[in-house]
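K.L.:
Below is the file target_29.txt, with compact mmCIF, C-alpha atoms.
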# COMPACT_ATOMS: atom_id res chain seq x y z
CA TYR F 375 19.41 42.34 22.55
CA ASP F 376 16.09 40.61 21.88
CA VAL F 377 13.46 42.39 23.96
CA HIS F 378 10.50 40.38 22.73
CA ALA F 379 12.10 36.98 23.34
CA GLY F 380 12.69 37.99 26.94
CA GLU F 381 9.15 39.28 27.31
CA ARG F 382 7.72 35.96 26.13
CA LEU F 383 9.89 34.08 28.59
CA LEU F 384 8.68 36.26 31.45
CA ALA F 385 5.04 36.06 30.42
CA ASN F 386 5.16 32.28 30.08
CA ASN F 387 7.37 31.77 33.13
CA VAL F 388 9.88 29.88 30.98
CA ASN F 389 13.37 29.17 32.28
CA PRO F 390 15.65 31.35 30.14
CA VAL F 391 18.46 28.80 30.05
CA ASN F 392 16.44 26.98 27.41
CA LYS F 393 16.44 29.98 25.06
CA HIS F 394 19.11 31.97 23.22
CA ASN F 395 19.41 35.77 23.29
CA ALA F 396 16.77 36.32 25.98
CA SER F 397 16.90 39.76 27.52
CA ILE F 398 14.75 39.39 30.60
CA ILE F 399 15.52 36.94 33.38
CA PRO F 400 12.62 35.77 35.55
CA SER F 401 13.13 37.19 39.02
CA SER F 402 11.49 36.68 42.36
CA SER F 403 10.89 40.44 42.59
CA SER F 404 8.05 41.75 40.41
CA SER F 405 8.32 45.01 38.55
CA SER F 406 5.24 47.19 38.97
CA SER F 407 4.18 49.80 36.47
CA SER F 408 4.84 52.53 39.01
CA SER F 409 8.53 51.61 39.09
CA THR F 410 9.04 51.86 35.33
CA LYS F 411 9.14 55.62 35.14
CA SER F 412 12.19 56.65 33.18
CA THR F 413 14.94 57.78 35.50
CA ASN F 414 18.67 58.19 35.63
CA LEU F 415 18.92 56.44 38.99
CA HIS F 416 21.25 53.46 39.17
CA LYS F 417 19.11 50.31 39.20
CA LYS F 418 20.85 47.23 40.56
CA SER F 419 18.53 44.99 38.52
CA ASP F 420 20.01 46.17 35.21
CA VAL F 421 23.34 45.17 33.71
CA ILE F 422 25.38 45.50 30.52
CA VAL F 423 27.71 42.57 29.88
CA TYR F 424 30.83 41.95 27.81
CA LEU F 425 32.89 38.81 27.31
CA ALA F 426 36.40 40.03 26.55
CA GLN F 427 39.66 38.50 25.37
CA PHE F 428 42.83 40.09 26.67
CA SER F 429 45.39 38.21 24.59
CA THR F 430 46.92 39.69 21.43
CA HIS F 431 45.87 36.60 19.46
CA HIS F 432 42.11 36.08 19.11
CA SER F 433 41.10 32.45 19.66
CA SER F 434 38.92 32.43 16.52
CA TYR F 435 40.22 35.23 14.29
CA GLY F 436 43.94 35.18 15.06
CA ASN F 437 45.94 38.40 14.76
CA GLN F 438 43.75 41.23 13.53
CA LEU F 439 44.49 44.39 11.53
CA ASP F 440 42.43 47.53 11.05
CA SER F 441 41.69 49.15 7.67
CA ASN F 442 45.15 50.74 7.72
CA GLN F 443 46.81 47.37 8.42
CA ILE F 444 47.66 48.41 11.96
CA PRO F 445 47.45 45.61 14.54
CA ILE F 446 44.42 45.81 16.81
CA THR F 447 43.74 43.86 19.97
CA GLY F 448 40.73 43.01 22.08
CA ILE F 449 41.84 45.68 24.56
CA THR F 450 41.89 48.35 21.85
CA LYS F 451 38.39 47.46 20.68
CA LEU F 452 37.03 47.10 24.20
CA ASN F 453 38.37 50.49 25.25
CA LYS F 454 36.71 52.14 22.23
CA SER F 455 33.44 50.34 22.93
CA LEU F 456 33.47 51.44 26.59
CA THR F 457 34.34 55.03 25.68
CA LEU F 458 31.34 55.24 23.35
CA LEU F 459 29.07 53.39 25.78
CA TYR F 460 29.79 55.82 28.61
CA SER F 461 29.78 58.90 26.38
CA ASN F 462 26.50 58.10 24.70
CA TYR F 463 24.56 56.19 27.36
CA ALA F 464 26.00 54.98 30.68
CA SER F 465 27.07 58.39 31.98
CA GLN F 466 23.48 59.60 31.72
CA PHE F 467 21.86 56.33 32.79
CA PRO F 468 24.15 54.66 35.34
CA THR F 469 24.17 50.89 34.93
CA ASP F 470 26.35 48.04 36.14
CA VAL F 471 28.83 47.02 33.44
CA LEU F 472 30.35 43.56 33.86
CA ILE F 473 33.34 42.46 31.81
CA PHE F 474 33.67 38.70 31.94
CA HIS F 475 36.90 36.96 30.98
CA ASP F 476 38.57 33.57 31.25
CA ASN F 477 41.55 32.83 33.46
CA LEU F 478 43.88 31.81 30.64
CA ASN F 479 44.72 35.41 29.67
CA PRO F 480 43.28 37.64 32.41
CA PRO F 481 43.67 41.41 32.30
CA SER F 482 46.57 42.81 34.28
CA PRO F 483 45.89 45.15 37.20
CA GLN F 484 47.20 48.00 35.07
CA ILE F 485 44.76 47.26 32.25
CA MET F 486 41.85 46.92 34.68
CA ASN F 487 42.70 50.25 36.30
CA GLU F 488 42.98 51.97 32.92
CA LEU F 489 39.66 50.61 31.68
CA LYS F 490 37.89 51.46 34.95
CA ARG F 491 39.15 55.05 35.09
CA ASN F 492 36.21 57.50 35.01
CA ARG F 493 33.83 54.62 34.32
CA PRO F 494 31.70 54.02 37.44
CA ASN F 495 29.99 50.69 38.09
CA LEU F 496 32.42 48.81 35.83
CA GLN F 497 33.59 45.46 37.19
CA PHE F 498 35.77 42.60 35.96
CA ARG F 499 34.52 39.07 36.57
CA PRO F 500 36.69 35.98 35.95
CA LEU F 501 34.74 32.91 34.87
CA ASP F 502 35.26 29.82 36.99
CA GLU F 503 36.76 27.15 34.74
CA LYS F 504 34.80 24.33 36.33
CA LYS F 505 31.42 26.01 36.63
CA TYR F 506 31.12 28.61 33.89
CA TRP F 507 33.96 28.15 31.38
CA SER F 508 34.02 24.43 30.68
CA LEU F 509 32.84 22.02 28.04
CA PRO F 510 29.73 19.90 28.62
CA TYR F 511 30.22 16.67 30.50
CA GLY F 512 31.98 13.99 28.47
CA LEU F 513 33.77 16.34 26.04
CA GLU F 514 37.51 17.03 26.08
CA ARG F 515 39.45 19.82 24.40
CA TRP F 516 41.74 17.39 22.56
CA GLU F 517 38.70 16.00 20.73
CA HIS F 518 38.09 19.36 19.07
CA TYR F 519 39.17 18.34 15.56
CA THR F 520 36.85 15.33 15.56
CA TRP F 521 33.76 17.47 16.12
CA MET F 522 31.56 18.88 13.37
CA ARG F 523 32.76 22.29 12.12
CA PRO F 524 36.25 22.04 13.65
CA ALA F 525 37.02 25.53 12.34
CA PHE F 526 35.12 26.88 15.35
CA SER F 527 37.64 26.99 18.19
CA VAL F 528 37.08 25.63 21.67
CA GLY F 529 37.04 29.22 22.93
CA TYR F 530 34.25 30.09 20.50
CA ARG F 531 32.21 27.09 21.67
CA LEU F 532 32.73 28.04 25.31
CA MET F 533 31.54 31.55 24.50
CA MET F 534 28.39 30.20 22.86
CA ARG F 535 27.65 27.92 25.82
CA TRP F 536 28.16 30.83 28.23
CA TYR F 537 25.78 33.16 26.41
CA ALA F 538 23.19 30.51 25.51
CA ILE F 539 22.93 28.76 28.87
CA LEU F 540 25.20 29.57 31.79
CA ILE F 541 25.05 33.37 31.94
CA TRP F 542 21.37 33.25 32.93
CA PHE F 543 22.13 31.27 36.07
CA TYR F 544 24.99 33.63 36.93
CA LEU F 545 23.03 36.86 36.51
CA SER F 546 19.94 35.53 38.27
CA GLU F 547 22.07 34.61 41.29
CA GLU F 548 23.48 38.16 41.24
CA GLY F 549 19.97 39.64 41.37
CA TYR F 550 19.82 41.03 37.83
CA SER F 551 16.54 40.93 35.90
CA HIS F 552 17.37 42.83 32.68
CA VAL F 553 20.54 42.45 30.63
CA MET F 554 22.08 43.89 27.49
CA ARG F 555 24.99 42.19 25.79
CA LEU F 556 27.73 44.08 23.96
CA ASP F 557 30.78 42.70 22.14
CA ASP F 558 34.16 44.39 22.32
CA ASP F 559 33.52 45.76 18.83
CA SER F 560 29.99 47.02 19.60
CA TYR F 561 30.09 50.78 19.13
CA ILE F 562 27.28 53.18 20.12
CA HIS F 563 27.99 56.13 17.84
CA SER F 564 25.17 58.49 18.88
CA LYS F 565 23.46 59.61 22.06
CA ILE F 566 20.70 57.43 23.50
CA ASP F 567 18.41 59.80 25.39
CA TYR F 568 16.20 57.24 27.11
CA ASN F 569 16.75 54.42 29.57
CA MET F 570 16.79 51.23 27.50
CA PHE F 571 16.04 49.05 30.51
CA ASP F 572 13.03 51.16 31.45
CA TYR F 573 11.92 50.79 27.84
CA MET F 574 12.04 47.01 28.21
CA ARG F 575 10.03 47.18 31.41
CA LYS F 576 7.40 49.43 29.83
CA ASN F 577 7.02 47.36 26.68
CA LYS F 578 6.52 43.85 28.03
Once you've parsed the file, please lay out its structure as structure tokens.

P.N.:
Amino acid sequence: YDVHAGERLLANNVNPVNKHNASIIPSSSSSSSSSTKSTNLHKKSDVIVYLAQFSTHHSSYGNQLDSNQIPITGITKLNKSLTLLYSNYASQFPTDVLIFHDNLNPPSPQIMNELKRNRPNLQFRPLDEKKYWSLPYGLERWEHYTWMRPAFSVGYRLMMRWYAILIWFYLSEEGYSHVMRLDDDSYIHSKIDYNMFDYMRKNK
């Protein structure tokens, strides 16, 4: 996550939808210095986000194998990422964890229950296909191979649009002011003994 890009947006009162990789979303509620004391209390202004695929065939990378040539899926990687996140950070510093997904291959109730087990504050959020998971006006999926760089799938382009533009509207409406993005193959391998969101607040 890019702390400094978010700080500049906040300082200059710039709308974050015009920037990529911003970490701080301008909010109507100000954060005073007295509220930035490191704590393990659950702050509803902070959130960790994933965008997950639950199909066995990745839209950009196809079928994937690990180093031992064993098939791996988005679910396998996501479960490992969540295990390490909670073991090394989120259990000590409770934070909302939102897993976004499209409606083409949504997680089954069984998968959601398994991933949520012993992981408080974890939620699944489907992305509305008209509002948050759609191409810009005037573009159609069938035109994909006529675009520049056709090797990048429609799903990849939707992901980029979500993270570059639309997620900031979504999170702001939900009341979040600080966000950290993780991918399903983002692995936190060692303990983090401080609140990363408090660190962002302290180091504007």

K.L.:
Which of these residues is nearest to Ser455 of chain F, using only C-alpha atoms: F:Leu478, F:Leu556, F:Val423, F:Met486?

P.N.:
F:Leu556

K.L.:
Can you work out the spacing between atom CA of Lys451 of chain F and atom CA of His475 of chain F in Å, to one decimal?

P.N.:
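Atom-to-atom, atom CA of Lys451 of chain F and atom CA of His475 of chain F are spaced 14.8 Å apart.
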
K.L.:
For atom CA of Asp476 of chain F and atom CA of Ser546 of chain F, quote the distance in Å rounded to one decimal.

P.N.:
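Separation between atom CA of Asp476 of chain F and atom CA of Ser546 of chain F: 20.0 Å.
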
K.L.:
Neighbouring residues of Phe428 of chain F were defined as those with any atom within 10 Å, considering all atoms listed in the file; residues of the same chain fewer than 6 positions away were excluded. Please report them as a list in words.

P.N.:
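The neighbour list is Thr447, Gly448, Ile449, Thr450, Leu452, His475, Asp476, Leu478, Asn479, Pro480, Pro481, Ser482 and Ile485 of chain F.
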
K.L.:
Out of F:Ala464, F:Ile562, F:Ala538, F:Ala426, which residue has the shortest atom-to-atom distance to Asn492 of chain F when counting all atoms listed in the file?

P.N.:
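Distance minimum relative to Asn492 of chain F lands on F:Ala464.
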
K.L.:
Any idea what's packed within 10 Å of Leu415 of chain F, counting all atoms listed in the file, ignoring anything in its chain fewer than 3 positions away? Could you give it as an NGL selection string?

P.N.:
:F and (412 or 418 or 466-469 or 569)

K.L.:
In Å to one decimal, how far is atom CA of Ser461 of chain F from atom CA of Ser560 of chain F?

P.N.:
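So the answer is 13.7 Å.
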
K.L.:
Which residue is closest to Glu503 of chain F? Choose from F:Leu532, F:Leu459, F:Tyr519, F:Tyr568 and count all atoms listed in the file.

P.N.:
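Closest to Glu503 of chain F, using all atoms listed in the file: F:Leu532.
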
K.L.:
Smallest atom-to-atom distance to Lys417 of chain F: which of F:Met534, F:Val553, F:Leu513, F:Ile566, using all atoms listed in the file?

P.N.:
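The closest residue to Lys417 of chain F is F:Val553.
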
K.L.:
Rank nothing, just name the residue among F:Ala525, F:Met570, F:Met533, F:Leu496 nearest to Gln427 of chain F, using all atoms listed in the file.

P.N.:
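Answer, going by the shortest atom-to-atom distance: F:Met533.
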
K.L.:
So, counting all atoms listed in the file, which residue among F:Arg555, F:Arg499, F:Lys454, F:Lys576 is closest to Leu472 of chain F?

P.N.:
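When distances to Leu472 of chain F are compared using all atoms listed in the file, the smallest one comes from F:Arg499.
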
K.L.:
Residues within 12 Å of Arg531 of chain F, please, as a list in words. Count all atoms listed in the file; anything in the same chain fewer than 3 positions from it doesn't count.

P.N.:
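That gives Ser433, Ser434, Trp507, Ser508, Leu509, Pro510, Leu513, Arg515, His518, Trp521, Met522, Arg523, Pro524, Ala525, Phe526, Ser527, Val528, Met534, Arg535, Trp536, Tyr537, Ala538 and Ile539 of chain F.
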